[in-house]
>>> print(open('entry_31.txt').read())   # compact mmCIF, C-alpha atoms and all ligand atoms
# COMPACT_ATOMS: atom_id res chain seq x y z
CA MET A 1 0.00 0.00 0.00
CA ARG A 2 1.18 3.58 -0.61
CA THR A 3 -0.03 6.81 0.96
CA GLN A 4 1.20 10.32 1.59
CA VAL A 5 1.05 10.28 5.41
CA ALA A 6 1.05 7.19 7.64
CA ILE A 7 -0.49 8.03 11.03
CA ILE A 8 0.35 5.69 13.92
CA GLY A 9 -2.38 5.70 16.59
CA ALA A 10 -6.17 6.27 16.44
CA GLY A 11 -6.47 8.30 19.62
CA PRO A 12 -7.63 11.94 19.43
CA ALA A 13 -4.32 13.13 17.92
CA GLY A 14 -4.20 10.54 15.13
CA LEU A 15 -7.90 10.74 14.27
CA LEU A 16 -7.95 14.56 14.29
CA LEU A 17 -4.88 14.75 12.06
CA GLY A 18 -6.41 12.16 9.72
CA GLN A 19 -9.64 14.14 9.47
CA LEU A 20 -7.91 17.47 8.80
CA LEU A 21 -5.66 15.88 6.13
CA HIS A 22 -8.65 14.21 4.48
CA ARG A 23 -10.43 17.56 4.21
CA ALA A 24 -7.24 18.96 2.63
CA ASN A 25 -7.26 16.07 0.07
CA ILE A 26 -4.07 14.63 1.54
CA ASP A 27 -4.09 10.83 1.70
CA ALA A 28 -3.44 9.30 5.10
CA VAL A 29 -3.69 5.77 6.52
CA ILE A 30 -4.17 5.32 10.28
CA VAL A 31 -2.63 2.23 11.91
CA GLU A 32 -3.97 1.44 15.41
CA ARG A 33 -2.83 -1.32 17.76
CA LYS A 34 -6.17 -1.77 19.56
CA SER A 35 -9.79 -2.17 18.45
CA ALA A 36 -12.01 0.90 17.99
CA ASN A 37 -14.12 -0.23 20.96
CA TYR A 38 -11.03 -0.49 23.17
CA VAL A 39 -9.96 3.04 22.20
CA LEU A 40 -13.46 4.31 23.03
CA SER A 41 -13.49 2.49 26.39
CA ARG A 42 -10.69 4.64 27.83
CA ILE A 43 -12.09 7.41 30.07
CA ARG A 44 -9.74 10.39 30.01
CA ALA A 45 -9.97 14.13 29.51
CA GLY A 46 -13.00 16.30 29.98
CA VAL A 47 -12.06 19.97 29.39
CA LEU A 48 -11.57 21.48 25.91
CA GLU A 49 -9.82 24.82 25.34
CA GLN A 50 -11.42 27.19 22.83
CA GLY A 51 -8.55 26.44 20.42
CA THR A 52 -9.43 22.75 20.50
CA VAL A 53 -13.12 23.53 19.95
CA ASN A 54 -12.22 25.75 16.99
CA LEU A 55 -10.06 22.99 15.46
CA LEU A 56 -12.85 20.42 15.83
CA HIS A 57 -15.15 22.86 14.02
CA GLU A 58 -12.48 23.23 11.29
CA ALA A 59 -12.37 19.43 11.05
CA GLY A 60 -16.15 19.32 10.56
CA VAL A 61 -16.78 17.15 13.62
CA ALA A 62 -18.30 19.65 16.06
CA ASP A 63 -22.07 19.17 15.56
CA ARG A 64 -22.59 17.12 18.75
CA LEU A 65 -20.02 19.23 20.61
CA ARG A 66 -22.05 22.34 19.72
CA SER A 67 -25.28 20.81 21.08
CA GLU A 68 -23.96 18.74 24.02
CA GLY A 69 -20.81 20.57 25.15
CA ILE A 70 -21.19 22.61 28.34
CA VAL A 71 -19.51 26.04 28.27
CA HIS A 72 -17.85 26.95 31.58
CA GLU A 73 -16.98 30.57 32.36
CA GLY A 74 -15.02 29.78 35.52
CA ALA A 75 -13.96 27.17 38.10
CA GLU A 76 -13.72 27.00 41.90
CA ILE A 77 -10.59 26.41 43.98
CA GLU A 78 -11.09 25.36 47.59
CA SER A 79 -8.43 25.20 50.30
CA VAL A 80 -8.67 24.92 54.08
CA GLY A 81 -12.31 26.06 54.08
CA ALA A 82 -11.68 29.06 51.82
CA ARG A 83 -13.24 28.87 48.38
CA HIS A 84 -12.59 31.17 45.44
CA ARG A 85 -14.02 31.28 41.94
CA ILE A 86 -11.61 31.98 39.09
CA ASP A 87 -13.62 34.00 36.57
CA PHE A 88 -12.19 32.84 33.22
CA LYS A 89 -14.64 34.93 31.18
CA GLY A 90 -14.29 38.08 33.23
CA LEU A 91 -10.48 37.88 33.35
CA THR A 92 -9.72 36.70 29.79
CA GLY A 93 -12.94 36.99 27.77
CA LYS A 94 -12.58 33.25 27.07
CA THR A 95 -14.26 30.06 28.27
CA VAL A 96 -13.67 26.29 28.24
CA THR A 97 -16.06 23.55 27.12
CA ILE A 98 -16.85 20.37 29.02
CA TYR A 99 -17.04 17.52 26.50
CA GLY A 100 -15.41 14.15 27.22
CA GLN A 101 -12.45 12.88 25.23
CA THR A 102 -14.49 9.73 24.61
CA GLU A 103 -17.10 11.85 22.76
CA VAL A 104 -14.39 13.67 20.77
CA THR A 105 -12.91 10.32 19.75
CA ALA A 106 -16.33 8.90 18.82
CA ASP A 107 -17.13 11.96 16.67
CA LEU A 108 -13.77 11.63 14.90
CA MET A 109 -14.26 7.89 14.35
CA THR A 110 -17.71 8.53 12.82
CA ALA A 111 -16.22 11.10 10.45
CA ARG A 112 -13.35 8.75 9.55
CA GLU A 113 -15.77 5.94 8.67
CA ALA A 114 -17.87 8.33 6.54
CA SER A 115 -14.74 9.46 4.67
CA ASP A 116 -13.84 5.89 3.68
CA ALA A 117 -10.20 6.77 4.42
CA PRO A 118 -8.37 3.59 5.54
CA THR A 119 -7.95 2.85 9.27
CA ILE A 120 -6.31 -0.42 10.26
CA TYR A 121 -7.38 -1.45 13.77
CA GLU A 122 -5.87 -4.31 15.79
CA ALA A 123 -2.57 -4.01 13.91
CA ASP A 124 0.19 -6.03 15.60
CA GLU A 125 3.97 -5.65 15.42
CA VAL A 126 3.83 -2.11 14.07
CA ARG A 127 7.32 -1.11 13.00
CA LEU A 128 8.83 1.99 11.37
CA HIS A 129 11.54 1.69 8.70
CA ASP A 130 13.90 4.17 6.97
CA ILE A 131 12.36 7.08 8.88
CA ASP A 132 15.41 9.27 8.13
CA SER A 133 15.18 8.62 4.38
CA ARG A 134 12.93 10.09 1.67
CA PHE A 135 11.12 6.74 1.53
CA PRO A 136 9.94 5.85 5.04
CA ARG A 137 7.82 2.74 5.52
CA VAL A 138 5.50 1.25 8.15
CA SER A 139 5.05 -2.51 8.52
CA TYR A 140 2.46 -4.31 10.63
CA VAL A 141 0.72 -7.67 11.01
CA LYS A 142 -3.05 -7.86 10.62
CA ASP A 143 -4.88 -11.16 11.11
CA GLY A 144 -1.52 -12.92 10.89
CA VAL A 145 -0.63 -11.34 7.54
CA ARG A 146 2.34 -8.94 7.32
CA ALA A 147 1.71 -5.76 5.33
CA GLU A 148 3.66 -2.63 4.51
CA ILE A 149 2.83 1.03 3.85
CA ALA A 150 5.16 3.21 1.79
CA CYS A 151 4.69 6.90 2.55
CA ASP A 152 6.22 10.38 2.42
CA PHE A 153 5.81 11.12 6.15
CA ILE A 154 4.95 9.29 9.39
CA ALA A 155 2.93 11.01 12.14
CA GLY A 156 3.71 9.42 15.52
CA CYS A 157 0.38 9.78 17.37
CA ASP A 158 0.74 6.54 19.33
CA GLY A 159 0.77 7.88 22.88
CA PHE A 160 3.31 7.63 25.67
CA HIS A 161 3.87 3.89 25.34
CA GLY A 162 3.87 3.80 21.55
CA VAL A 163 6.50 2.57 19.09
CA CYS A 164 7.30 5.85 17.29
CA ARG A 165 9.37 7.69 19.90
CA GLN A 166 11.20 4.43 20.59
CA SER A 167 12.09 4.19 16.88
CA ILE A 168 14.24 7.32 17.10
CA PRO A 169 17.95 6.59 17.81
CA ALA A 170 18.72 7.27 21.49
CA ASP A 171 21.37 9.87 20.62
CA ALA A 172 18.96 11.81 18.41
CA TRP A 173 16.56 12.96 21.14
CA GLN A 174 16.44 14.00 24.79
CA ALA A 175 13.82 13.33 27.49
CA HIS A 176 12.91 15.90 30.16
CA GLU A 177 10.89 14.29 32.97
CA ARG A 178 9.40 14.81 36.42
CA ILE A 179 7.54 11.91 38.05
CA TYR A 180 5.14 12.86 40.88
CA PRO A 181 4.96 10.82 44.12
CA PHE A 182 1.21 10.22 43.80
CA GLY A 183 -1.53 9.31 41.30
CA TRP A 184 -5.16 10.15 40.57
CA LEU A 185 -7.95 7.70 41.35
CA GLY A 186 -10.77 8.61 38.94
CA LEU A 187 -14.44 7.56 39.16
CA LEU A 188 -17.26 8.07 36.65
CA VAL A 189 -20.88 7.99 37.90
CA GLU A 190 -24.30 8.52 36.31
CA LYS A 191 -25.33 11.19 38.81
CA PRO A 192 -25.71 14.99 38.47
CA PRO A 193 -22.56 17.01 39.24
CA ILE A 194 -22.01 18.49 42.68
CA ASP A 195 -21.76 22.02 41.29
CA LYS A 196 -22.39 23.83 38.01
CA GLU A 197 -18.62 24.34 37.53
CA LEU A 198 -15.48 22.29 38.35
CA VAL A 199 -14.21 22.38 41.94
CA TYR A 200 -10.46 21.84 42.58
CA ILE A 201 -9.71 21.02 46.23
CA ASN A 202 -6.46 21.29 48.20
CA HIS A 203 -7.11 19.36 51.43
CA LEU A 204 -4.91 18.07 54.27
CA ARG A 205 -5.96 14.54 53.25
CA GLY A 206 -5.00 15.18 49.63
CA PHE A 207 -6.18 16.72 46.35
CA ALA A 208 -9.69 16.13 45.03
CA LEU A 209 -11.46 17.29 41.88
CA CYS A 210 -15.20 17.41 41.20
CA SER A 211 -15.76 17.42 37.43
CA MET A 212 -18.47 16.32 35.04
CA ARG A 213 -19.27 14.96 31.57
CA SER A 214 -22.88 16.22 31.32
CA SER A 215 -25.78 17.38 33.51
CA HIS A 216 -26.34 13.75 34.53
CA ARG A 217 -22.83 12.24 34.50
CA SER A 218 -20.03 13.24 36.92
CA ARG A 219 -16.31 12.59 37.11
CA TYR A 220 -14.42 12.70 40.43
CA TYR A 221 -10.73 12.34 41.24
CA LEU A 222 -8.84 11.70 44.48
CA GLN A 223 -5.09 12.02 44.94
CA CYS A 224 -3.81 8.59 45.97
CA THR A 225 -0.43 6.99 46.69
CA LEU A 226 1.43 5.14 43.94
CA ALA A 227 1.22 1.92 46.01
CA GLU A 228 -2.57 1.79 45.83
CA ARG A 229 -4.56 -0.43 43.49
CA VAL A 230 -8.08 0.28 42.26
CA GLU A 231 -9.27 -3.04 43.77
CA GLU A 232 -8.60 -1.51 47.21
CA TRP A 233 -11.13 1.24 46.49
CA PRO A 234 -14.70 -0.06 46.53
CA ASP A 235 -17.20 2.70 45.73
CA GLU A 236 -18.16 3.11 49.39
CA ARG A 237 -14.57 3.90 50.34
CA PHE A 238 -14.23 6.33 47.44
CA TRP A 239 -17.37 8.28 48.40
CA ARG A 240 -16.36 8.33 52.08
CA GLU A 241 -12.89 9.73 51.26
CA LEU A 242 -14.23 12.25 48.75
CA SER A 243 -16.76 13.52 51.31
CA ALA A 244 -13.97 13.89 53.86
CA ARG A 245 -12.06 16.17 51.45
CA LEU A 246 -15.08 18.36 50.59
CA ASP A 247 -16.19 21.48 52.40
CA PRO A 248 -19.17 20.32 54.58
CA ALA A 249 -21.59 22.60 52.72
CA LEU A 250 -20.45 21.13 49.38
CA ALA A 251 -20.49 17.57 50.72
CA THR A 252 -24.23 17.84 51.37
CA ARG A 253 -24.74 18.25 47.60
CA LEU A 254 -22.78 15.10 46.64
CA GLN A 255 -24.99 12.53 44.86
CA ILE A 256 -23.34 9.10 45.05
CA GLY A 257 -24.02 5.97 43.04
CA SER A 258 -22.40 2.90 41.49
CA SER A 259 -19.28 3.70 39.49
CA ILE A 260 -19.37 3.21 35.71
CA GLU A 261 -15.57 3.35 35.55
CA LYS A 262 -12.80 3.58 38.13
CA SER A 263 -9.06 3.74 37.43
CA ILE A 264 -5.75 5.02 38.78
CA ALA A 265 -3.45 7.14 36.58
CA PRO A 266 0.13 7.99 37.55
CA LEU A 267 1.20 11.63 37.19
CA ARG A 268 4.26 12.73 35.26
CA SER A 269 5.63 15.68 33.31
CA PHE A 270 7.50 14.55 30.21
CA VAL A 271 8.78 16.15 27.01
CA ALA A 272 10.77 14.55 24.19
CA GLU A 273 12.97 16.96 22.18
CA PRO A 274 13.00 17.42 19.25
CA LEU A 275 9.58 16.29 17.96
CA ARG A 276 10.98 15.35 14.57
CA TYR A 277 13.46 12.78 13.28
CA GLY A 278 13.84 12.58 9.50
CA ASN A 279 10.30 12.19 8.14
CA LEU A 280 8.82 11.09 11.50
CA PHE A 281 6.87 13.76 13.43
CA LEU A 282 5.69 13.15 17.02
CA ALA A 283 2.38 14.65 18.23
CA GLY A 284 0.29 14.37 21.40
CA ASP A 285 1.17 11.99 24.22
CA ALA A 286 3.84 10.35 22.01
CA ALA A 287 5.72 13.65 22.38
CA HIS A 288 4.80 14.88 25.86
CA ILE A 289 2.82 14.15 29.02
CA VAL A 290 1.40 16.58 31.58
CA PRO A 291 -0.18 15.88 34.97
CA PRO A 292 -3.96 16.24 34.32
CA THR A 293 -4.28 19.01 36.97
CA GLY A 294 -4.32 21.75 34.34
CA ALA A 295 -6.51 19.78 31.85
CA LYS A 296 -3.85 20.22 29.14
CA GLY A 297 -3.08 16.73 27.77
CA LEU A 298 -5.77 16.46 25.14
CA ASN A 299 -5.52 20.18 24.35
CA LEU A 300 -1.79 19.97 23.66
CA ALA A 301 -2.46 17.04 21.31
CA ALA A 302 -4.83 19.40 19.43
CA SER A 303 -2.28 22.21 19.07
CA ASP A 304 0.44 19.79 17.92
CA VAL A 305 -1.98 18.47 15.29
CA PHE A 306 -2.82 22.03 14.21
CA TYR A 307 0.86 22.83 13.55
CA LEU A 308 1.54 19.50 11.80
CA TRP A 309 -1.60 19.75 9.63
CA GLN A 310 -0.66 23.29 8.53
CA ALA A 311 2.90 22.17 7.73
CA LEU A 312 1.84 19.13 5.71
CA ARG A 313 -0.76 21.20 3.85
CA GLU A 314 1.91 23.78 2.95
CA HIS A 315 4.24 21.01 1.72
CA TYR A 316 1.69 19.38 -0.55
CA ARG A 317 0.26 22.68 -1.83
CA THR A 318 3.51 24.57 -2.49
CA GLY A 319 6.38 22.07 -2.16
CA SER A 320 7.79 24.19 0.67
CA ASN A 321 9.24 22.42 3.74
CA THR A 322 9.53 25.59 5.82
CA ALA A 323 6.64 24.83 8.18
CA LEU A 324 7.72 21.17 8.46
CA ASP A 325 11.20 22.32 9.45
CA GLN A 326 9.66 24.66 12.04
CA TYR A 327 7.12 22.14 13.43
CA SER A 328 9.18 20.94 16.40
CA SER A 329 10.23 24.36 17.68
CA ARG A 330 6.77 25.84 17.08
CA ALA A 331 4.94 23.01 18.90
CA LEU A 332 7.47 22.83 21.75
CA ALA A 333 7.14 26.56 22.46
CA ARG A 334 3.47 26.02 23.38
CA VAL A 335 4.09 22.60 24.98
CA TRP A 336 6.60 23.97 27.49
CA LYS A 337 4.23 26.77 28.62
CA ALA A 338 1.53 24.17 29.25
CA GLU A 339 4.06 21.91 31.02
CA ARG A 340 4.95 24.82 33.31
CA PHE A 341 1.29 25.58 34.06
CA SER A 342 0.43 21.92 34.73
CA TRP A 343 3.48 21.54 36.99
CA TRP A 344 2.53 24.74 38.85
CA MET A 345 -1.15 23.73 39.30
CA THR A 346 -0.03 20.29 40.56
CA HIS A 347 2.30 21.86 43.13
CA LEU A 348 -0.40 24.33 44.16
CA LEU A 349 -3.10 21.76 44.88
CA HIS A 350 -1.54 18.45 45.95
CA ARG A 351 -0.11 17.21 49.26
CA PHE A 352 3.48 16.18 48.58
CA PRO A 353 4.65 13.33 50.82
CA GLY A 354 7.70 14.48 52.80
CA ALA A 355 7.10 18.17 52.10
CA THR A 356 9.07 20.32 54.56
CA SER A 357 7.24 22.87 56.73
CA PHE A 358 8.75 25.59 54.54
CA GLU A 359 7.34 23.98 51.35
CA GLN A 360 3.95 23.66 53.02
CA LYS A 361 4.00 27.34 54.02
CA ILE A 362 4.96 28.35 50.49
CA GLN A 363 1.96 26.43 49.10
CA GLU A 364 -0.35 28.15 51.61
CA ALA A 365 1.11 31.56 50.67
CA GLU A 366 0.67 30.77 46.95
CA LEU A 367 -3.02 29.96 47.51
CA SER A 368 -3.55 32.99 49.73
CA TYR A 369 -1.91 35.27 47.13
CA LEU A 370 -4.04 33.68 44.36
CA PHE A 371 -7.26 34.28 46.31
CA GLN A 372 -6.32 37.93 47.00
CA SER A 373 -4.75 39.00 43.67
CA GLU A 374 -6.69 39.57 40.47
CA ALA A 375 -3.37 39.58 38.62
CA ALA A 376 -2.55 36.10 39.96
CA GLN A 377 -6.05 34.89 39.02
CA LYS A 378 -5.63 36.29 35.49
CA VAL A 379 -2.37 34.35 35.07
CA LEU A 380 -4.13 31.12 36.08
CA ALA A 381 -7.16 31.91 33.90
CA GLU A 382 -5.23 32.70 30.70
CA ASN A 383 -3.27 29.46 30.98
CA TYR A 384 -6.32 27.38 31.85
CA VAL A 385 -8.45 28.62 28.90
CA GLY A 386 -5.43 28.01 26.65
CA LEU A 387 -2.61 30.21 25.36
CA PRO A 388 -2.79 31.23 21.68
CA TYR A 389 -1.57 28.74 19.01
P1 LIG B 401 -3.56 8.45 23.14
O1 LIG B 401 -2.73 7.70 24.13
O2 LIG B 401 -4.93 8.88 23.51
O3 LIG B 401 -3.71 7.58 21.80
C1 LIG B 401 -2.61 6.85 21.28
C2 LIG B 401 -3.16 5.70 20.46
O4 LIG B 401 -2.04 5.00 19.88
C3 LIG B 401 -3.92 4.69 21.33
O5 LIG B 401 -5.18 4.41 20.76
C4 LIG B 401 -3.01 3.46 21.33
O6 LIG B 401 -3.73 2.24 21.36
C5 LIG B 401 -2.27 3.61 20.02
N1 LIG B 401 -0.97 2.93 19.99
C6 LIG B 401 -0.09 2.80 21.00
N2 LIG B 401 0.99 2.09 20.59
C7 LIG B 401 0.77 1.76 19.28
C8 LIG B 401 1.50 1.05 18.30
N3 LIG B 401 2.68 0.50 18.58
N4 LIG B 401 0.96 0.91 17.06
C9 LIG B 401 -0.24 1.47 16.77
N5 LIG B 401 -1.00 2.16 17.66
C10 LIG B 401 -0.49 2.30 18.90
N6 LIG B 401 -5.80 14.73 29.75
C11 LIG B 401 -6.56 15.75 30.18
O7 LIG B 401 -6.51 16.83 29.60
N7 LIG B 401 -7.38 15.58 31.28
C12 LIG B 401 -7.47 14.36 31.93
O8 LIG B 401 -8.20 14.23 32.89
C13 LIG B 401 -6.70 13.28 31.49
N8 LIG B 401 -6.79 12.05 32.10
C14 LIG B 401 -5.99 11.01 31.64
C15 LIG B 401 -6.03 9.73 32.23
C16 LIG B 401 -5.21 8.67 31.78
C17 LIG B 401 -5.27 7.30 32.43
C18 LIG B 401 -4.32 8.91 30.71
C19 LIG B 401 -3.39 7.81 30.23
C20 LIG B 401 -4.27 10.18 30.11
C21 LIG B 401 -5.12 11.23 30.56
N9 LIG B 401 -5.11 12.49 29.96
C22 LIG B 401 -5.87 13.52 30.39
C23 LIG B 401 -4.28 12.75 28.84
C24 LIG B 401 -4.98 12.20 27.62
O9 LIG B 401 -6.24 12.78 27.50
C25 LIG B 401 -4.06 12.43 26.47
O10 LIG B 401 -3.51 13.73 26.48
C26 LIG B 401 -4.71 12.16 25.13
O11 LIG B 401 -5.24 10.86 25.16
C27 LIG B 401 -3.65 12.35 24.06
O12 LIG B 401 -4.13 11.81 22.90
P2 LIG B 401 -3.14 11.02 21.91
O13 LIG B 401 -1.89 11.80 21.77
O14 LIG B 401 -3.97 10.69 20.72
O15 LIG B 401 -2.69 9.71 22.69
C1 LIG B 402 -11.90 15.64 33.79
O1 LIG B 402 -13.10 16.00 33.80
O2 LIG B 402 -11.53 14.49 33.47
C2 LIG B 402 -10.84 16.64 34.21
C3 LIG B 402 -11.18 17.97 34.34
C4 LIG B 402 -10.21 18.88 34.72
C5 LIG B 402 -8.91 18.44 34.97
C6 LIG B 402 -8.58 17.08 34.82
C7 LIG B 402 -9.55 16.18 34.45
O3 LIG B 402 -7.97 19.33 35.35
>>> encode(input="entry_31.txt", output="structure tokens", more="lines below")
Ligand code: FAS
Ligand code: PHB
Amino acid sequence: MRTQVAIIGAGPAGLLLGQLLHRANIDAVIVERKSANYVLSRIRAGVLEQGTVNLLHEAGVADRLRSEGIVHEGAEIESVGARHRIDFKGLTGKTVTIYGQTEVTADLMTAREASDAPTIYEADEVRLHDIDSRFPRVSYVKDGVRAEIACDFIAGCDGFHGVCRQSIPADAWQAHERIYPFGWLGLLVEKPPIDKELVYINHLRGFALCSMRSSHRSRYYLQCTLAERVEEWPDERFWRELSARLDPALATRLQIGSSIEKSIAPLRSFVAEPLRYGNLFLAGDAAHIVPPTGAKGLNLAASDVFYLWQALREHYRTGSNTALDQYSSRALARVWKAERFSWWMTHLLHRFPGATSFEQKIQEAELSYLFQSEAAQKVLAENYVGLPY
């Protein structure tokens, strides 16, 4: 098989890039390790920046988002009984939209099927070949039969544990990493949210987050140790611990029920540099990871895809490689600002095991300053709603 762009991974990054390329009449084949149902079963992000919403509109996949997405003009931060609303709209003129990553992925999969563009699911032994040549190739095994794709470019959209970043010679890239000494235990429940906006909580017992997917489906997170396993957290224990971390007035509004999904995610900050090797371009979680505290992971995947789509479109329309040559530096400039914000939000809101009394006092001063300073709130707001592309 031959195509112009081989995309590895059918998560949001790979599917969004495939859809944008299709609308630009650029041929792309998507190769995905798992089944479509498996990809859709993963419960992940919930907050979309305006830039991501705009790109989904550009991709022609925003009809359901327009009718079902919930626009949020602010969010609450609670600490030691004090609670403060960060007014995104008032401080930046911008908002965010609540619409689950699962829904984004489903909308992109529907569009992909309608386009008849090829997507190979359940592809085993995906391998990249000659990525630093003008004739890169992708091989894979499907139903026991080995196949190969010749292409001009490979887009590595295969997530943190994918094959693409690992295909780059060790001396050709550098990792920058921070691993956090805790994880997030997430629970999804078919019950109305506790509040009309998200509530981030810094509590002596640990961080908690009250989020949502719709007016009847809620998403909650608890900071947990890295030693814990989800089997040790029956629903009753989760609701008891969440209630203990909520302000009593808020706790009275908590509607509990049987979990639809429950999982533990480790937290890390990670960036691979550069994002290009030969004709392989990394995008999304294949290139970088952020702790979910700032709701940036999915949104960074969108901005990477925006830059790569623009660069590939320029190449095929004009023959120029200028934007392709600039992709890595352009994407990394935005990635690092989001890495900083996510790192800062994580330090602001979590209980770090072994924190010294000085570190604890600094966190309290940071929160107190945030609650008192409109300038500090504007800095948080402009990063949360998303910096410009
Ligand atoms: P993805 O990981 O979504 O997709 C990569 C795809 O590549 C997968 O379908 C995988 O099966 C496939 N793949 C892997 N190896 C392959 C191979 N060798 N060959 C072919 N295909 C291969 N972000 C937020 O903003 N908020 C959150 O609350 C949040 N929660 C998260 C919870 C968890 C447990 C995880 C892991 C991430 C979370 N994220 C969150 C971040 C998440 O939303 C990512 O940023 C987003 O999925 C990035 O999308 P992709 O880059 O497409 O990567
Ligand atoms: C979510 O709803 O999954 C979510 C929302 C905000 C975050 C992280 C996760 O910061």
>>> atom_distance(input="entry_31.txt", atom1="atom CA of A:Ala36", atom2="atom O8 of ligand LIG 401 (chain B)")
20.4 Å
>>> axis_aligned_box(input="entry_31.txt", around="ligand LIG 401 (chain B)", padding_each_side="8 Å", output="JSON")
{"center_x": -2.8, "center_y": 8.7, "center_z": 24.8, "size_x": 26.9, "size_y": 32.3, "size_z": 32.1}
>>> residues_around(input="entry_31.txt", residues="stretch 147-154 of chain A", least_positions_apart="2", cutoff="6 Å", atoms="all atoms listed in the file", output="NGL selection string")
:A and (1-7 or 136-140 or 279-280)
>>> atom_distance(input="entry_31.txt", atom1="atom CA of A:Glu197", atom2="atom CA of A:Val71")
9.5 Å
>>> closest_residue(input="entry_31.txt", among="A:Ser35, A:Thr95, A:Ser67, A:Ser167", to="A:Asp124", atoms="all atoms listed in the file")
A:Ser35
>>> closest_residue(input="entry_31.txt", among="A:Ile26, A:Val31, A:Ala208, A:Ala82", to="A:Gln372", atoms="only C-alpha atoms")
A:Ala82
>>> atom_distance(input="entry_31.txt", atom1="atom CA of A:Pro266", atom2="atom C6 of ligand LIG 402 (chain B)")
12.9 Å
>>> residues_around(input="entry_31.txt", residues="A:Tyr307", least_positions_apart="6", cutoff="8 Å", atoms="all atoms listed in the file", output="PDB file with C-alpha atoms, keeping the file's coordinate frame")
ATOM      1  CA  TYR A 327       7.120  22.140  13.430  1.00  0.00           C
ATOM      2  CA  ARG A 330       6.770  25.840  17.080  1.00  0.00           C
ATOM      3  CA  ALA A 331       4.940  23.010  18.900  1.00  0.00           C
TER       4      ALA A 331
END
>>> closest_atom_pairs(input="entry_31.txt", of="chain A", to="ligand LIG 401 (chain B)", cutoff="7 Å", atoms="all atoms listed in the file", output="Markdown table")
| residue | atom | partner | partner_atom | distance |
| --- | --- | --- | --- | --- |
| A:Ile8 | CA | B:LIG401 | C9 | 5.1 |
| A:Gly9 | CA | B:LIG401 | O4 | 3.4 |
| A:Ala10 | CA | B:LIG401 | O5 | 4.8 |
| A:Gly11 | CA | B:LIG401 | O3 | 3.6 |
| A:Pro12 | CA | B:LIG401 | O14 | 4.1 |
| A:Ala13 | CA | B:LIG401 | O14 | 3.7 |
| A:Gly14 | CA | B:LIG401 | O14 | 5.6 |
| A:Val31 | CA | B:LIG401 | C9 | 5.5 |
| A:Glu32 | CA | B:LIG401 | N5 | 3.8 |
| A:Arg33 | CA | B:LIG401 | N5 | 3.9 |
| A:Lys34 | CA | B:LIG401 | O6 | 5.0 |
| A:Val39 | CA | B:LIG401 | O5 | 5.2 |
| A:Ile43 | CA | B:LIG401 | C15 | 6.8 |
| A:Arg44 | CA | B:LIG401 | N8 | 4.0 |
| A:Ala45 | CA | B:LIG401 | N7 | 3.5 |
| A:Gly46 | CA | B:LIG401 | N7 | 5.8 |
| A:Val47 | CA | B:LIG401 | O7 | 6.4 |
| A:Gln101 | CA | B:LIG401 | O9 | 6.6 |
| A:Ala123 | CA | B:LIG401 | C9 | 6.6 |
| A:Val126 | CA | B:LIG401 | N4 | 5.1 |
| A:Cys157 | CA | B:LIG401 | O13 | 5.3 |
| A:Asp158 | CA | B:LIG401 | O4 | 3.2 |
| A:Gly159 | CA | B:LIG401 | O1 | 3.7 |
| A:Phe160 | CA | B:LIG401 | O1 | 6.2 |
| A:His161 | CA | B:LIG401 | N2 | 5.8 |
| A:Gly162 | CA | B:LIG401 | N2 | 3.5 |
| A:Val163 | CA | B:LIG401 | N3 | 4.4 |
| A:Ile264 | CA | B:LIG401 | C17 | 6.8 |
| A:Ala265 | CA | B:LIG401 | C17 | 4.5 |
| A:Ala283 | CA | B:LIG401 | O13 | 6.2 |
| A:Gly284 | CA | B:LIG401 | O13 | 3.4 |
| A:Asp285 | CA | B:LIG401 | O13 | 3.9 |
| A:Ala286 | CA | B:LIG401 | O13 | 5.9 |
| A:Ile289 | CA | B:LIG401 | O10 | 6.8 |
| A:Pro292 | CA | B:LIG401 | N7 | 4.6 |
| A:Ala295 | CA | B:LIG401 | O7 | 3.7 |
| A:Lys296 | CA | B:LIG401 | O7 | 4.3 |
| A:Gly297 | CA | B:LIG401 | O10 | 3.3 |
| A:Leu298 | CA | B:LIG401 | O10 | 3.8 |
| A:Asn299 | CA | B:LIG401 | O7 | 6.3 |
| A:Ala301 | CA | B:LIG401 | O13 | 5.3 |
>>> residues_around(input="entry_31.txt", residues="stretch 57-64 of chain A", least_positions_apart="2", cutoff="9 Å", atoms="only C-alpha atoms", output="list in words")
Leu16, Leu17, Gln19, Leu20, Arg23, Thr52, Val53, Asn54, Leu55, Arg66, Ser67, Glu68, Gly69, Glu103, Val104, Asp107, Leu108, Thr110 and Ala111 of chain A
>>> write_last_selection(input="entry_31.txt", atoms="C-alpha atoms", output="short mmCIF file (atom, residue, chain, number, x, y, z; two decimals), in the coordinates of the input")
data_model
loop_
_atom_site.label_atom_id
_atom_site.label_comp_id
_atom_site.auth_asym_id
_atom_site.auth_seq_id
_atom_site.Cartn_x
_atom_site.Cartn_y
_atom_site.Cartn_z
CA LEU A 16 -7.95 14.56 14.29
CA LEU A 17 -4.88 14.75 12.06
CA GLN A 19 -9.64 14.14 9.47
CA LEU A 20 -7.91 17.47 8.80
CA ARG A 23 -10.43 17.56 4.21
CA THR A 52 -9.43 22.75 20.50
CA VAL A 53 -13.12 23.53 19.95
CA ASN A 54 -12.22 25.75 16.99
CA LEU A 55 -10.06 22.99 15.46
CA ARG A 66 -22.05 22.34 19.72
CA SER A 67 -25.28 20.81 21.08
CA GLU A 68 -23.96 18.74 24.02
CA GLY A 69 -20.81 20.57 25.15
CA GLU A 103 -17.10 11.85 22.76
CA VAL A 104 -14.39 13.67 20.77
CA ASP A 107 -17.13 11.96 16.67
CA LEU A 108 -13.77 11.63 14.90
CA THR A 110 -17.71 8.53 12.82
CA ALA A 111 -16.22 11.10 10.45
#
